[in-house]
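A.B. asks: Just so it is clear, I am handing over start-v3.csv, which has CSV, C-alpha atoms.
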```
chain,number,residue,atom,x,y,z
U,14,MET,CA,-0.9,4.7,6.4
U,15,GLY,CA,2.0,4.3,4.1
U,16,LEU,CA,1.6,5.0,0.4
U,17,ALA,CA,3.7,4.0,-2.6
U,18,ILE,CA,3.4,4.4,-6.3
U,19,SER,CA,4.6,2.5,-9.3
U,20,ASP,CA,6.0,3.8,-12.6
U,21,ALA,CA,3.6,3.9,-15.5
U,22,MET,CA,4.8,0.6,-16.8
U,23,GLY,CA,4.3,-1.2,-13.5
U,24,TRP,CA,7.9,-2.3,-13.1
U,25,THR,CA,9.1,-0.4,-10.0
U,26,ALA,CA,7.6,0.9,-6.8
U,27,ARG,CA,8.7,3.8,-4.7
U,28,PRO,CA,7.6,5.2,-1.4
U,29,LEU,CA,5.3,8.2,-1.8
U,30,GLU,CA,4.3,9.4,1.7
U,31,THR,CA,2.7,8.5,5.0
U,32,LEU,CA,-0.8,9.7,5.7
U,33,GLU,CA,-1.5,10.8,9.2
U,34,ARG,CA,-4.6,9.2,10.8
U,35,LYS,CA,-7.0,12.1,11.0
U,36,GLY,CA,-10.2,10.2,10.3
U,37,ARG,CA,-11.4,8.3,7.3
U,38,GLY,CA,-12.9,11.5,5.7
U,39,ALA,CA,-9.6,13.2,5.7
U,40,GLU,CA,-7.8,10.1,4.5
U,41,ILE,CA,-10.2,9.6,1.6
U,42,ALA,CA,-9.9,13.3,0.6
U,43,ARG,CA,-6.1,13.2,0.6
U,44,LEU,CA,-6.2,9.9,-1.4
U,45,GLY,CA,-8.5,11.6,-3.9
U,46,ARG,CA,-6.0,14.3,-4.5
U,47,ILE,CA,-3.1,11.9,-4.9
U,48,ILE,CA,-5.2,9.7,-7.3
U,49,ARG,CA,-5.8,12.8,-9.5
U,50,GLU,CA,-2.3,14.2,-9.3
U,51,GLN,CA,-0.6,10.8,-10.0
U,52,ASP,CA,-3.1,9.5,-12.5
U,53,VAL,CA,-3.7,6.3,-10.5
U,54,GLY,CA,-5.4,3.5,-12.4
U,55,ARG,CA,-5.4,0.7,-9.7
U,56,ILE,CA,-5.1,0.7,-5.9
U,57,VAL,CA,-3.5,-2.0,-3.9
U,58,VAL,CA,-4.4,-2.1,-0.2
U,59,GLY,CA,-2.4,-4.1,2.4
U,60,HIS,CA,-4.4,-6.9,3.9
U,61,PRO,CA,-3.1,-7.4,7.5
U,62,LEU,CA,-3.7,-11.1,7.9
U,63,ARG,CA,-2.6,-12.9,11.0
U,64,MET,CA,0.6,-15.0,10.7
U,65,ASP,CA,-1.6,-18.1,10.3
U,66,GLY,CA,-3.4,-16.5,7.4
U,67,THR,CA,-6.7,-15.9,9.2
U,68,ARG,CA,-8.6,-12.6,9.2
U,69,GLY,CA,-8.8,-10.5,12.4
U,70,PRO,CA,-10.3,-7.1,13.1
U,71,MET,CA,-7.5,-5.3,11.3
U,72,ALA,CA,-8.0,-7.3,8.2
U,73,GLU,CA,-11.8,-6.7,8.3
U,74,GLU,CA,-11.1,-2.9,8.7
U,75,ALA,CA,-8.8,-3.1,5.6
U,76,GLU,CA,-11.5,-4.8,3.7
U,77,ARG,CA,-14.0,-2.1,4.6
U,78,PHE,CA,-11.5,0.6,3.6
U,79,ALA,CA,-10.8,-1.1,0.3
U,80,ARG,CA,-14.6,-1.3,-0.5
U,81,ARG,CA,-15.0,2.4,0.4
U,82,ILE,CA,-12.1,3.4,-1.9
U,83,GLU,CA,-13.5,1.4,-4.7
U,84,ARG,CA,-16.9,3.1,-4.3
U,85,GLU,CA,-15.5,6.6,-3.9
U,86,PHE,CA,-13.1,6.5,-6.8
U,87,GLY,CA,-14.5,3.8,-9.2
U,88,LEU,CA,-11.0,2.3,-9.5
U,89,PRO,CA,-10.1,-1.4,-9.2
U,90,VAL,CA,-8.9,-2.2,-5.7
U,91,GLU,CA,-6.9,-5.3,-4.7
U,92,LEU,CA,-6.2,-6.5,-1.2
U,93,VAL,CA,-2.7,-8.0,-0.9
U,94,ASP,CA,-1.3,-9.9,2.0
U,95,GLU,CA,1.0,-7.6,3.9
U,96,ARG,CA,2.5,-10.0,6.4
U,97,LEU,CA,6.1,-9.3,7.1
U,98,THR,CA,6.2,-6.0,5.1
U,99,SER,CA,6.9,-4.0,8.3
U,100,TRP,CA,9.7,-6.4,9.2
U,101,ALA,CA,11.1,-6.2,5.6
U,102,ALA,CA,11.0,-2.4,5.9
U,103,ASP,CA,12.9,-2.4,9.1
U,104,GLN,CA,15.5,-4.7,7.4
U,105,TRP,CA,15.7,-2.4,4.4
U,106,VAL,CA,16.2,0.7,6.6
U,107,ALA,CA,19.0,-1.1,8.6
U,108,GLU,CA,20.8,-2.0,5.3
U,109,HIS,CA,20.3,1.4,3.6
U,110,PRO,CA,20.3,4.0,6.4
U,111,GLU,CA,21.3,6.9,4.0
U,112,SER,CA,18.4,6.0,1.6
U,113,GLY,CA,15.8,5.5,4.4
U,114,ARG,CA,16.5,8.9,5.9
U,115,GLY,CA,13.3,11.1,5.8
U,116,ARG,CA,11.1,8.1,4.9
U,117,GLY,CA,8.6,6.6,7.3
U,118,LYS,CA,8.6,2.8,7.8
U,119,ASP,CA,5.0,2.6,6.6
U,120,GLU,CA,5.7,4.1,3.2
U,121,ILE,CA,8.8,1.9,2.8
U,122,ALA,CA,6.6,-1.1,3.7
U,123,ALA,CA,4.0,0.1,1.2
U,124,ALA,CA,6.7,0.2,-1.5
U,125,ILE,CA,7.8,-3.3,-0.6
U,126,LEU,CA,4.2,-4.6,-0.8
U,127,LEU,CA,3.7,-2.9,-4.1
U,128,GLU,CA,6.9,-4.2,-5.5
U,129,GLU,CA,6.0,-7.7,-4.5
U,130,TYR,CA,2.5,-7.3,-6.1
U,131,LEU,CA,4.0,-6.0,-9.4
U,132,ALA,CA,6.5,-8.9,-9.5
U,133,ARG,CA,3.6,-11.4,-9.0
U,134,LYS,CA,1.6,-9.7,-11.8
U,135,ARG,CA,4.6,-9.9,-14.2
U,136,GLU,CA,5.2,-13.5,-13.4
U,137,SER,CA,1.6,-14.5,-13.9
U,138,GLY,CA,1.4,-12.5,-17.2
U,139,ASP,CA,-1.4,-10.2,-16.1
```
Take the structure in the file and write it out as structure tokens.
C.D. replies:
Amino acid sequence: MGLAISDAMGWTARPLETLERKGRGAEIARLGRIIREQDVGRIVVGHPLRMDGTRGPMAEEAERFARRIEREFGLPVELVDERLTSWAADQWVAEHPESGRGRGKDEIAAAILLEEYLARKRESGD
């Protein structure tokens, strides 16, 4: 699971890390530490919709995960369409091989997702 974080003003996003899948309990515990360390105020979760925009099992899992995060940490959580973020991450790494070194594709995809989310928020005036 790729993680990214924005600056305090919500202008930029940067890759943070990739969480290894070791069970939801371990993921939630690690997220809790990151939330405290980084003073997180809102969480954006990728919503893996199918290419036609419909929900499948992975989207339903992301929805359950988002609800759990919201309950556990009491922070607003928003699901954001993540279609093509992995493809965009592959393209970014291909164009910036020196910058992508040491970064996982999932955390780069998370930064792309967050950057797109922040841009939409700025455009809508939220």
A.B. asks: Pick from U:Glu73, U:Glu120, U:Glu111, U:Glu85: nearest to Leu44 of chain U, with all atoms listed in the file counted?
C.D. replies: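 Once distances to Leu44 of chain U are computed over all atoms listed in the file, the minimum belongs to U:Glu85.
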A.B. asks: Given only C-alpha atoms as the basis, pick out the residue of U:Glu50, U:Glu40, U:Glu95, U:Asp65 nearest to Asp119 of chain U.
C.D. replies: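 The shortest atom-to-atom distance to Asp119 of chain U comes from U:Glu95.
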A.B. asks: Identify, on the basis of all atoms listed in the file, every residue whose closest approach to Val58 of chain U does not exceed 7 Å; exclude the query and any residue fewer than 3 positions from it along the same chain; express the result as a list in words.
C.D. replies: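 In the requested form, the answer reads Ala79, Glu91, Leu92 and Val93 of chain U.
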A.B. asks: Considering all atoms listed in the file, state which residue in the set U:Met14, U:Ala75, U:Ile82, U:Ala26 is at the smallest distance from Glu129 of chain U.
C.D. replies: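 Closest to Glu129 of chain U, using all atoms listed in the file: U:Ala26.
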A.B. asks: Which residue out of U:Ala101, U:Glu33, U:Glu76, U:Ala122 has the minimum interatomic distance to His60 of chain U when all atoms listed in the file are used?
C.D. replies: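 Once distances to His60 of chain U are computed over all atoms listed in the file, the minimum belongs to U:Glu76.
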A.B. asks: Taking the point (-11.1, -0.1, -6.2) as given in the file, collect each protein or nucleic acid residue that comes within 12 Å of it, counting only C-alpha atoms, and present the set as number ranges by chain.
C.D. replies: U: 48, 53-58, 76-92
A.B. asks: Suppose you want the space between atom CA of Gly45 of chain U and atom CA of Ile121 of chain U; what is it in Å?
C.D. replies: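 Atom CA of Ile121 of chain U lies 20.9 Å from atom CA of Gly45 of chain U.
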A.B. asks: When you look at segment 131-139 of chain U with a cut-off of 9 Å (counting only C-alpha atoms), what residues show up, excluding the ones that are within fewer than 4 positions of it in the same chain? I need them as a PyMOL selection string.
C.D. replies: chain U and resi 19+23-26+126-127
A.B. asks: May I ask which of the residues U:Lys118, U:Arg49, U:Arg68, U:Lys35 is the closest one to Gln104 of chain U, counting only C-alpha atoms?
C.D. replies: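 Among the listed residues, U:Lys118 lies closest to Gln104 of chain U.
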A.B. asks: Which is closer to Arg96 of chain U than all the others in U:Pro61, U:Gly117, U:Pro110, U:Gly69, using all atoms listed in the file?
C.D. replies: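 Among the listed residues, the smallest separation from Arg96 of chain U belongs to U:Pro61.
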A.B. asks: Would you compute the distance between atom CA of Asp20 of chain U and atom CA of Gly36 of chain U? Give it in Å to one decimal.
C.D. replies: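 That distance, rounded to one decimal, is 28.8 Å.
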A.B. asks: Can you tell me how far atom CA of Arg34 of chain U sits from atom CA of Ala17 of chain U, in Å to one decimal?
C.D. replies: 16.6 Å
